[in-house]
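Undergrad: To be precise about what I am sending: the file is called entry02.txt and holds compact mmCIF, C-alpha atoms.
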```
# COMPACT_ATOMS: atom_id res chain seq x y z
CA MET A 259 -41.63 -42.28 36.84
CA LYS A 260 -41.09 -40.87 40.31
CA ILE A 261 -38.35 -38.54 39.01
CA LEU A 262 -40.61 -37.28 36.24
CA ALA A 263 -43.44 -36.70 38.71
CA SER A 264 -41.18 -34.66 41.00
CA ILE A 265 -40.36 -32.15 38.21
CA PRO A 266 -42.82 -29.22 38.19
CA LEU A 267 -45.31 -29.19 35.39
CA TRP A 268 -44.14 -25.89 33.88
CA LEU A 269 -40.59 -27.34 33.48
CA ARG A 270 -41.99 -30.31 31.56
CA ASN A 271 -43.86 -28.06 29.13
CA LYS A 272 -42.52 -28.60 25.59
CA TYR A 273 -42.88 -24.90 24.71
CA PHE A 274 -40.89 -23.85 27.77
CA LEU A 275 -38.17 -26.38 26.99
CA SER A 276 -37.89 -25.42 23.33
CA GLY A 277 -37.94 -21.69 24.20
CA SER A 278 -35.21 -22.18 26.81
CA VAL A 279 -33.02 -24.10 24.38
CA PHE A 280 -33.59 -21.45 21.70
CA LEU A 281 -32.77 -18.62 24.11
CA ALA A 282 -29.60 -20.35 25.32
CA TRP A 283 -28.53 -20.95 21.73
CA ILE A 284 -29.09 -17.33 20.73
CA LEU A 285 -27.36 -15.90 23.82
CA PHE A 286 -24.29 -18.13 23.99
CA PHE A 287 -23.70 -20.44 21.02
CA ASP A 288 -24.69 -18.55 17.86
CA ASP A 289 -22.21 -16.68 15.64
CA ARG A 290 -23.92 -13.43 16.62
CA ASP A 291 -24.18 -14.15 20.33
CA MET A 292 -24.55 -11.54 23.04
CA MET A 293 -20.85 -11.34 23.97
CA SER A 294 -19.69 -10.89 20.38
CA ASN A 295 -22.38 -8.28 19.82
CA MET A 296 -21.23 -6.26 22.84
CA ALA A 297 -17.58 -6.47 21.70
CA HIS A 298 -18.53 -5.28 18.22
CA ASN A 299 -20.49 -2.36 19.68
CA ARG A 300 -17.48 -1.30 21.80
CA GLU A 301 -15.21 -1.51 18.77
CA LEU A 302 -17.70 0.50 16.71
CA LYS A 303 -17.80 3.28 19.31
CA GLN A 304 -14.00 3.39 19.43
CA LEU A 305 -13.78 3.57 15.64
CA GLU A 306 -16.39 6.36 15.52
CA GLN A 307 -14.40 8.34 18.09
CA SER A 308 -11.20 7.95 16.12
CA ARG A 309 -13.04 8.91 12.92
CA ASP A 310 -14.29 12.11 14.56
CA TYR A 311 -10.80 12.90 15.87
CA TYR A 312 -9.24 12.48 12.43
CA ARG A 313 -11.95 14.55 10.77
CA LYS A 314 -11.20 17.40 13.17
CA GLN A 315 -7.49 17.02 12.48
CA ILE A 316 -8.12 17.11 8.73
CA GLU A 317 -10.23 20.27 9.08
CA ALA A 318 -7.55 22.01 11.16
CA THR A 319 -4.82 21.00 8.72
CA GLN A 320 -6.92 22.18 5.78
CA LYS A 321 -7.44 25.58 7.43
CA GLU A 322 -3.71 25.85 8.12
CA LEU A 323 -2.92 24.92 4.52
CA ASP A 324 -5.33 27.55 3.20
CA LEU A 325 -3.68 30.18 5.39
CA LEU A 326 -0.23 29.13 4.20
CA LYS A 327 -1.27 29.30 0.56
CA ASN A 328 -2.94 32.70 0.79
CA ASP A 329 -0.98 34.73 3.35
CA PRO A 330 2.80 35.23 2.92
CA ALA A 331 3.17 36.52 6.50
CA VAL A 332 1.73 33.28 7.87
CA LEU A 333 4.00 31.28 5.57
CA GLU A 334 7.04 33.15 6.86
CA LYS A 335 5.96 32.67 10.49
CA TYR A 336 5.39 28.95 9.88
CA ALA A 337 8.81 28.52 8.26
CA ARG A 338 10.51 30.37 11.11
CA GLU A 339 8.75 28.41 13.86
CA LYS A 340 8.66 24.92 12.41
CA TYR A 341 11.85 24.77 10.37
CA MET A 342 13.88 27.42 12.21
CA MET A 343 14.59 29.38 9.04
CA LYS A 344 15.97 32.90 9.20
CA LYS A 345 16.80 35.83 7.01
CA ASP A 346 20.39 36.41 5.92
CA ASN A 347 20.98 39.38 8.22
CA GLU A 348 19.47 37.78 11.35
CA ASP A 349 20.83 35.72 14.19
CA LEU A 350 18.74 32.85 15.49
CA PHE A 351 18.68 31.92 19.16
CA ILE A 352 16.89 28.70 20.11
CA ILE A 353 15.65 28.39 23.66
CA LYS A 354 14.40 24.93 24.63
CA ASN A 355 12.08 24.49 27.59
```
Using structure tokens, write down the structure from this file.
TA:
Amino acid sequence: MKILASIPLWLRNKYFLSGSVFLAWILFFDDRDMMSNMAHNRELKQLEQSRDYYRKQIEATQKELDLLKNDPAVLEKYAREKYMMKKDNEDLFIIKN
């Protein structure tokens, strides 16, 4: 009884004890605990950033494709730069940096 009497009254309160146990369970032991939630949020932000990057890449590629389909001069420039194509009466010199 002496040990029980030495514990402060607010620590012996059944509502405080049950609330503390509930809080500890939610923060550390549950499937959706605080650490898992923070990890999922970090992963979500990373996935949103990669989604935005790929959307921008898709838009740029779509614009380039539209230019290639509609403008023969751009198509010729693209073929010369990317695939090093040339006309029959030309000489091609490749300078690498």
Undergrad: Can you work out the spacing between CA of His298 (chain A) and CA of Gln315 (chain A) in Å, to one decimal?
TA: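 Straight-line distance from CA of His298 (chain A) to CA of Gln315 (chain A) works out to 25.5 Å.
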Undergrad: Quick one: residues within 10 Å of Glu322 (chain A), only C-alpha atoms, excluding same-chain residues fewer than 6 positions away - as a PyMOL selection string?
TA: chain A and resi 316+332-333+336
Undergrad: Expressed in Å to a single decimal, how great is the separation between CA of Leu281 (chain A) and CA of Lys260 (chain A)?
TA: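 According to the coordinates, CA of Leu281 (chain A) and CA of Lys260 (chain A) are separated by 28.8 Å.
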Undergrad: Could you jot down the CA of Ala337 (chain A) to CA of Glu317 (chain A) separation for me, Å, one decimal place?
TA: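 Atom-to-atom, CA of Ala337 (chain A) to CA of Glu317 (chain A), that is 20.8 Å.
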Undergrad: Measuring between only C-alpha atoms, which one of A:Leu350, A:Ala263, A:Leu325, A:Ala297 shows the shortest distance to Arg338 (chain A)?
TA: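 Nearest to Arg338 (chain A): A:Leu350.
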